[in-house]
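Data file: final-v3.cif. Format and content: mmCIF, C-alpha atoms and all ligand atoms.
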data_run
#
loop_
_atom_site.label_atom_id
_atom_site.label_comp_id
_atom_site.auth_asym_id
_atom_site.auth_seq_id
_atom_site.Cartn_x
_atom_site.Cartn_y
_atom_site.Cartn_z
CA MET A 1 43.58 -19.44 -25.14
CA PRO A 2 47.31 -20.12 -25.02
CA ARG A 3 49.37 -18.16 -22.55
CA VAL A 4 52.08 -15.96 -24.03
CA LEU A 5 54.85 -15.31 -21.55
CA LYS A 6 57.13 -12.34 -21.07
CA ASN A 7 59.79 -11.47 -23.59
CA ILE A 8 63.37 -12.37 -22.87
CA GLU A 9 66.01 -9.89 -23.95
CA ASP A 10 67.83 -12.14 -26.36
CA ILE A 11 64.69 -13.44 -27.93
CA ASP A 12 63.38 -9.92 -28.47
CA SER A 13 65.77 -9.51 -31.35
CA MET A 14 64.97 -12.87 -32.96
CA SER A 15 62.42 -12.55 -35.72
CA GLY A 16 60.28 -15.34 -37.10
CA LEU A 17 59.65 -18.73 -35.56
CA HIS A 18 62.23 -20.43 -33.38
CA LEU A 19 61.68 -23.78 -31.71
CA TYR A 20 63.66 -25.02 -28.71
CA HIS A 21 63.10 -28.76 -28.79
CA ALA A 22 64.58 -32.20 -28.21
CA THR A 23 64.78 -35.12 -30.59
CA VAL A 24 62.83 -37.87 -28.79
CA SER A 25 60.56 -35.66 -26.66
CA ASN A 26 56.93 -36.38 -27.49
CA CYS A 27 55.96 -32.79 -26.67
CA SER A 28 58.52 -31.54 -29.19
CA GLN A 29 57.35 -34.07 -31.79
CA ARG A 30 53.85 -32.60 -31.49
CA VAL A 31 55.01 -29.08 -32.29
CA ARG A 32 57.33 -30.14 -35.14
CA ILE A 33 54.44 -32.03 -36.78
CA MET A 34 52.24 -28.91 -36.48
CA LEU A 35 54.93 -26.71 -38.06
CA GLU A 36 55.24 -29.22 -40.91
CA GLU A 37 51.47 -29.35 -41.46
CA LYS A 38 51.38 -25.55 -41.65
CA GLU A 39 54.39 -25.59 -44.00
CA LEU A 40 56.10 -22.90 -41.92
CA ASN A 41 59.72 -21.89 -41.96
CA TRP A 42 61.23 -22.19 -38.52
CA GLU A 43 64.60 -22.15 -36.95
CA SER A 44 65.69 -25.13 -34.91
CA HIS A 45 67.39 -24.87 -31.51
CA LEU A 46 67.98 -28.46 -30.48
CA ILE A 47 68.42 -28.93 -26.75
CA ASP A 48 70.56 -31.95 -25.99
CA PHE A 49 69.61 -33.34 -22.56
CA ALA A 50 72.68 -35.60 -22.59
CA LYS A 51 74.82 -32.47 -22.69
CA SER A 52 72.68 -30.75 -20.01
CA GLU A 53 71.75 -28.00 -22.45
CA GLN A 54 68.40 -27.61 -20.65
CA LEU A 55 70.36 -26.41 -17.62
CA THR A 56 72.12 -23.45 -19.18
CA GLU A 57 71.25 -20.08 -17.70
CA LYS A 58 69.94 -18.97 -21.05
CA PHE A 59 67.52 -21.88 -21.44
CA GLN A 60 66.38 -21.67 -17.82
CA SER A 61 65.66 -17.98 -18.33
CA ILE A 62 63.66 -18.71 -21.47
CA ASN A 63 61.64 -21.40 -19.70
CA PRO A 64 62.03 -21.55 -15.91
CA ALA A 65 60.12 -24.86 -16.00
CA GLY A 66 63.27 -26.29 -17.62
CA VAL A 67 61.39 -28.23 -20.28
CA VAL A 68 60.99 -28.28 -24.03
CA PRO A 69 59.30 -27.37 -26.29
CA VAL A 70 59.45 -23.60 -26.28
CA LEU A 71 58.32 -21.58 -29.27
CA ALA A 72 59.63 -18.06 -29.76
CA HIS A 73 57.68 -16.00 -32.28
CA ASN A 74 58.76 -12.44 -33.01
CA GLY A 75 59.80 -11.94 -29.38
CA ALA A 76 56.90 -13.77 -27.72
CA ILE A 77 57.60 -16.99 -25.85
CA ILE A 78 55.04 -19.76 -25.77
CA THR A 79 55.45 -22.91 -23.68
CA GLU A 80 53.34 -26.05 -23.19
CA SER A 81 53.11 -28.13 -26.33
CA ASN A 82 49.32 -28.13 -26.63
CA ASP A 83 49.17 -24.37 -26.06
CA ILE A 84 51.80 -24.00 -28.78
CA LEU A 85 49.61 -25.96 -31.21
CA GLU A 86 46.69 -23.63 -30.51
CA TYR A 87 48.92 -20.57 -30.79
CA ILE A 88 50.21 -21.68 -34.20
CA GLU A 89 46.67 -22.41 -35.38
CA GLN A 90 45.57 -18.95 -34.27
CA GLU A 91 48.53 -17.12 -35.82
CA PHE A 92 48.74 -19.18 -39.00
CA PRO A 93 45.20 -20.24 -39.94
CA SER A 94 46.23 -21.41 -43.41
CA PRO A 95 46.28 -24.20 -44.52
CA GLN A 96 42.96 -24.70 -42.79
CA MET A 97 42.54 -27.45 -40.23
CA GLY A 98 39.58 -29.16 -38.59
CA LYS A 99 38.03 -26.94 -35.92
CA ASP A 100 34.48 -28.18 -35.51
CA GLY A 101 35.21 -31.31 -33.46
CA GLN A 102 33.04 -31.47 -30.34
CA TYR A 103 35.77 -33.06 -28.28
CA ILE A 104 38.81 -30.95 -29.19
CA ARG A 105 39.06 -29.25 -25.77
CA SER A 106 38.63 -32.44 -23.78
CA LEU A 107 41.15 -34.26 -26.01
CA LEU A 108 43.75 -31.52 -25.50
CA ASP A 109 43.11 -31.54 -21.74
CA LEU A 110 43.40 -35.32 -21.67
CA SER A 111 46.62 -35.16 -23.66
CA ASN A 112 48.05 -32.81 -20.99
CA ALA A 113 46.70 -34.94 -18.17
CA VAL A 114 48.34 -38.18 -19.36
CA GLN A 115 51.76 -36.60 -19.93
CA ALA A 116 53.12 -37.64 -16.52
CA ASP A 117 52.10 -41.25 -17.15
CA VAL A 118 53.54 -41.20 -20.67
CA LYS A 119 56.78 -39.91 -19.20
CA LEU A 120 56.97 -42.45 -16.39
CA LEU A 121 56.39 -45.40 -18.71
CA THR A 122 58.71 -44.03 -21.38
CA PHE A 123 61.56 -43.66 -18.89
CA GLU A 124 60.92 -46.97 -17.23
CA LEU A 125 60.22 -49.17 -20.25
CA ILE A 126 61.81 -47.50 -23.28
CA LEU A 127 64.71 -45.40 -22.00
CA ASN A 128 65.69 -47.55 -19.03
CA LYS A 129 68.92 -48.57 -20.67
CA MET A 130 69.90 -44.93 -21.02
CA ARG A 131 69.51 -43.73 -17.43
CA PRO A 132 70.90 -40.24 -17.74
CA PHE A 133 72.20 -39.76 -14.22
CA GLU A 134 74.81 -41.30 -12.07
CA ALA A 135 75.14 -40.34 -8.42
CA LYS A 136 78.21 -38.22 -9.08
CA ASN A 137 76.57 -35.82 -11.51
CA PHE A 138 73.06 -35.79 -10.07
CA GLU A 139 73.72 -33.21 -7.38
CA ASP A 140 75.18 -30.83 -9.96
CA TYR A 141 72.02 -31.32 -12.05
CA ALA A 142 69.79 -30.75 -9.01
CA LYS A 143 71.56 -27.47 -8.24
CA ARG A 144 71.23 -26.13 -11.77
CA GLN A 145 67.69 -27.30 -12.55
CA GLY A 146 65.28 -24.63 -11.32
CA ASN A 147 62.25 -26.91 -11.69
CA LYS A 148 62.27 -28.85 -8.44
CA SER A 149 59.49 -31.28 -9.33
CA LEU A 150 61.53 -32.28 -12.38
CA VAL A 151 64.51 -32.84 -10.09
CA GLU A 152 62.37 -35.10 -7.89
CA PHE A 153 61.20 -37.07 -10.93
CA HIS A 154 64.77 -37.69 -12.06
CA ARG A 155 65.95 -38.45 -8.50
CA LYS A 156 63.30 -41.12 -8.19
CA PHE A 157 63.99 -42.53 -11.60
CA ALA A 158 67.75 -42.61 -11.10
CA PHE A 159 67.94 -43.95 -7.58
CA ASP A 160 64.62 -45.50 -6.52
CA GLN A 161 62.70 -48.36 -7.94
CA VAL A 162 59.55 -47.54 -9.91
CA SER A 163 57.03 -49.93 -8.35
CA GLU A 164 54.83 -52.37 -10.25
CA ALA A 165 51.80 -50.53 -8.89
CA GLU A 166 53.04 -47.23 -10.36
CA ILE A 167 53.61 -48.92 -13.72
CA SER A 168 50.21 -50.55 -13.69
CA ASN A 169 48.42 -47.34 -12.62
CA ALA A 170 50.12 -45.39 -15.40
CA ALA A 171 49.30 -48.12 -17.93
CA ASP A 172 45.70 -48.12 -16.76
CA SER A 173 45.43 -44.36 -17.23
CA LEU A 174 46.85 -44.57 -20.77
CA SER A 175 44.58 -47.51 -21.65
CA LYS A 176 41.52 -45.53 -20.55
CA ALA A 177 42.70 -42.52 -22.55
CA ALA A 178 43.14 -44.70 -25.65
CA ILE A 179 39.61 -46.05 -25.23
CA TYR A 180 38.28 -42.47 -24.98
CA VAL A 181 40.11 -41.50 -28.18
CA ASP A 182 38.72 -44.60 -29.92
CA THR A 183 35.20 -43.67 -28.77
CA VAL A 184 35.52 -40.14 -30.16
CA LEU A 185 36.64 -41.66 -33.45
CA GLN A 186 33.45 -43.75 -33.58
CA LYS A 187 31.52 -40.47 -33.75
CA GLU A 188 33.82 -38.21 -35.74
CA GLU A 189 36.10 -38.88 -38.66
CA TRP A 190 38.99 -36.97 -37.12
CA LEU A 191 39.67 -35.96 -33.52
CA SER A 192 39.29 -32.36 -34.64
CA GLY A 193 36.00 -32.92 -36.50
CA LYS A 194 35.57 -33.12 -40.26
CA ALA A 195 39.25 -32.50 -40.96
CA MET A 196 42.60 -33.15 -39.32
CA GLY A 197 43.59 -30.54 -36.73
CA VAL A 198 45.29 -29.77 -33.43
CA ALA A 199 43.62 -32.59 -31.46
CA ASP A 200 44.83 -35.12 -34.06
CA ILE A 201 48.36 -33.74 -33.94
CA SER A 202 48.38 -33.72 -30.17
CA TRP A 203 47.31 -37.37 -30.06
CA VAL A 204 49.31 -38.87 -32.91
CA VAL A 205 52.51 -38.57 -30.88
CA ASN A 206 50.81 -40.26 -27.95
CA GLY A 207 49.61 -42.99 -30.29
CA HIS A 208 53.15 -43.54 -31.48
CA ARG A 209 54.36 -43.78 -27.87
CA PHE A 210 51.49 -46.09 -26.86
CA TYR A 211 52.38 -48.56 -29.62
CA ALA A 212 56.07 -48.28 -28.72
CA LEU A 213 55.23 -49.07 -25.08
CA ASN A 214 53.18 -52.08 -26.15
CA ALA A 215 56.14 -53.28 -28.18
CA THR A 216 58.34 -53.31 -25.07
CA MET A 217 55.71 -55.05 -22.93
CA PRO A 218 53.18 -56.87 -25.10
CA ASN A 219 49.62 -55.77 -24.52
CA LEU A 220 50.55 -53.36 -21.72
CA LEU A 221 47.88 -50.95 -22.93
CA GLY A 222 45.52 -53.45 -24.60
CA MET A 223 45.26 -51.47 -27.85
CA GLU A 224 44.37 -54.42 -30.09
CA PRO A 225 40.54 -54.06 -30.02
CA LEU A 226 40.69 -50.31 -30.72
CA THR A 227 40.17 -50.44 -34.47
CA ASN A 228 39.10 -46.79 -34.85
CA PHE A 229 42.26 -45.69 -33.07
CA LYS A 230 44.34 -48.07 -35.17
CA ASN A 231 42.93 -46.88 -38.51
CA TRP A 232 43.19 -43.22 -37.53
CA PHE A 233 46.78 -43.72 -36.39
CA LYS A 234 47.60 -45.43 -39.68
CA ASN A 235 46.27 -42.40 -41.56
CA MET A 236 48.02 -39.86 -39.36
CA SER A 237 51.33 -41.67 -39.34
CA SER A 238 51.43 -41.96 -43.12
CA ARG A 239 51.48 -38.17 -43.48
CA LYS A 240 54.66 -36.41 -44.53
CA SER A 241 54.52 -34.32 -41.35
CA PHE A 242 54.82 -37.46 -39.19
CA LYS A 243 57.97 -38.54 -40.99
CA ARG A 244 59.51 -35.08 -40.91
CA GLY A 245 58.45 -34.07 -37.40
CA LEU A 246 58.79 -37.40 -35.59
CA LEU A 247 60.44 -40.31 -37.42
CA ASP A 248 63.33 -38.33 -38.87
CA TYR A 249 64.42 -37.32 -35.35
CA LEU A 250 64.39 -40.80 -33.82
CA PRO A 251 67.50 -42.92 -33.40
CA HIS A 252 67.25 -45.89 -35.80
CA MET A 253 66.57 -48.40 -33.02
CA MET A 254 63.39 -46.50 -32.07
CA ARG A 255 61.84 -46.12 -35.54
N1 LIG B 1 53.37 -30.14 -20.28
C1 LIG B 1 54.58 -29.84 -20.98
C2 LIG B 1 55.56 -30.93 -20.67
C3 LIG B 1 56.95 -30.59 -21.17
C4 LIG B 1 57.94 -31.69 -20.83
O1 LIG B 1 57.81 -32.38 -19.81
N2 LIG B 1 58.95 -31.82 -21.68
C5 LIG B 1 59.93 -32.84 -21.49
C6 LIG B 1 60.19 -33.53 -22.81
S1 LIG B 1 58.71 -34.30 -23.43
C7 LIG B 1 61.21 -32.24 -21.00
O2 LIG B 1 61.65 -31.22 -21.47
N3 LIG B 1 61.86 -32.90 -20.04
C8 LIG B 1 63.09 -32.46 -19.51
C9 LIG B 1 63.53 -33.31 -18.40
O3 LIG B 1 62.85 -34.31 -18.06
O4 LIG B 1 64.57 -33.01 -17.84
C10 LIG B 1 54.31 -29.72 -22.48
O5 LIG B 1 53.30 -30.28 -22.97
O6 LIG B 1 55.06 -29.04 -23.20
#
Written as structure tokens, that's how I'd like the structure from this file.
Ligand SMILES: N[C@@H](CCC(=O)N[C@@H](CS)C(=O)NCC(=O)O)C(=O)O
Amino acid sequence: MPRVLKNIEDIDSMSGLHLYHATVSNCSQRVRIMLEEKELNWESHLIDFAKSEQLTEKFQSINPAGVVPVLAHNGAIITESNDILEYIEQEFPSPQMGKDGQYIRSLLDLSNAVQADVKLLTFELILNKMRPFEAKNFEDYAKRQGNKSLVEFHRKFAFDQVSEAEISNAADSLSKAAIYVDTVLQKEEWLSGKAMGVADISWVVNGHRFYALNATMPNLLGMEPLTNFKNWFKNMSSRKSFKRGLLDYLPHMMR
């Protein structure tokens, strides 16, 4: 069951659904797609990393982990994108979604587990022309970012070389995950069972990122033989929610 964290003073007085999110963040994409599928009204609080908005005292107090997405719902704060999907499903059961899939839990766990590899490859292969830090402003960032493992990630990415072995290990982990998803789709029509649901939403954003990674380095993840994955992704990505929650937020060069 999703964890619901403590209330924060400011958020206490905010009614309804509020999402703190970032445009290109795959974890934010996941939650926006869910909100679209549920046809919910929500208020957007875009966090612009380029302007260090994740470092403000207010945001750090809302989520000490310093990351998006964060959902605030009538004073409750929910973090972790996959937990947020489950929270929304629990609070807003209509329209109904697939729930009977045998592999939903393992797919959500796998989606969490591959996040670090998705992030490493995204930064190294897709965003490498937009390195956010220069030496002069890194120390200021490090001081203000409460999440020290995040600081170490950005320190490494900004100043050290990501090795070929790290890239190939991350690619290997994502390839294996894609094969697992394809295997589930041999047995079940959707990742969530007989109908589309949270596991499908969690994975469609990974699918989008996997294909984007392959486009930067052909066949990095060897997705070509995975026809179940490919057909499922085609279905998922033709939904209105995918356009509204993901494509509409991407800069044109990444669409
Ligand atoms: N496990 C978390 C990961 C959250 C996460 O890493 N968010 C990224 C964007 S996808 C972030 O906010 N990064 C901020 C940073 O790297 O400074 C989730 O699923 O929500």
ask   = Using only C-alpha atoms and all ligand atoms, which of the listed residues (A:Tyr103, A:Phe92, A:Trp203, A:Phe242) sits closest to ligand LIG 1 (chain B)?
value = A:Trp203
request  = Using only C-alpha atoms, find the one residue out of A:Asn41, A:Thr79, A:Asn26, A:Asn147 that sits nearest to Gln60 in chain A.
outcome  =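 Of all the options, A:Asn147 lies closest to Gln60 in chain A.
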Write out as a CSV table (one decimal) with C-alpha atoms, in the frame of the given file each polymer residue (protein, DNA or RNA) that has an atom no more than 8 Å from ligand LIG 1 (chain B), with all atoms listed in the file counted.
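Okay, selection-v5.csv is ready:
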chain,number,residue,atom,x,y,z
A,21,HIS,CA,63.1,-28.8,-28.8
A,22,ALA,CA,64.6,-32.2,-28.2
A,24,VAL,CA,62.8,-37.9,-28.8
A,25,SER,CA,60.6,-35.7,-26.7
A,26,ASN,CA,56.9,-36.4,-27.5
A,27,CYS,CA,56.0,-32.8,-26.7
A,28,SER,CA,58.5,-31.5,-29.2
A,49,PHE,CA,69.6,-33.3,-22.6
A,54,GLN,CA,68.4,-27.6,-20.6
A,66,GLY,CA,63.3,-26.3,-17.6
A,67,VAL,CA,61.4,-28.2,-20.3
A,68,VAL,CA,61.0,-28.3,-24.0
A,69,PRO,CA,59.3,-27.4,-26.3
A,70,VAL,CA,59.4,-23.6,-26.3
A,79,THR,CA,55.4,-22.9,-23.7
A,80,GLU,CA,53.3,-26.0,-23.2
A,81,SER,CA,53.1,-28.1,-26.3
A,82,ASN,CA,49.3,-28.1,-26.6
A,83,ASP,CA,49.2,-24.4,-26.1
A,112,ASN,CA,48.0,-32.8,-21.0
A,115,GLN,CA,51.8,-36.6,-19.9
A,116,ALA,CA,53.1,-37.6,-16.5
A,119,LYS,CA,56.8,-39.9,-19.2
A,150,LEU,CA,61.5,-32.3,-12.4
A,151,VAL,CA,64.5,-32.8,-10.1
A,153,PHE,CA,61.2,-37.1,-10.9
A,154,HIS,CA,64.8,-37.7,-12.1
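As for CA of Gly101 in chain A and CA of Ser192 in chain A, they are spaced 4.4 Å apart.
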task = Find the residues near Ser111 in chain A: any atom within 12 Å, counting only C-alpha atoms, skip ones fewer than 5 places away on the same chain, and give them as a PyMOL selection string.
result = chain A and resi 26-27+30+80-83+103-106+116-118+173-174+176-178+180-181+198-207
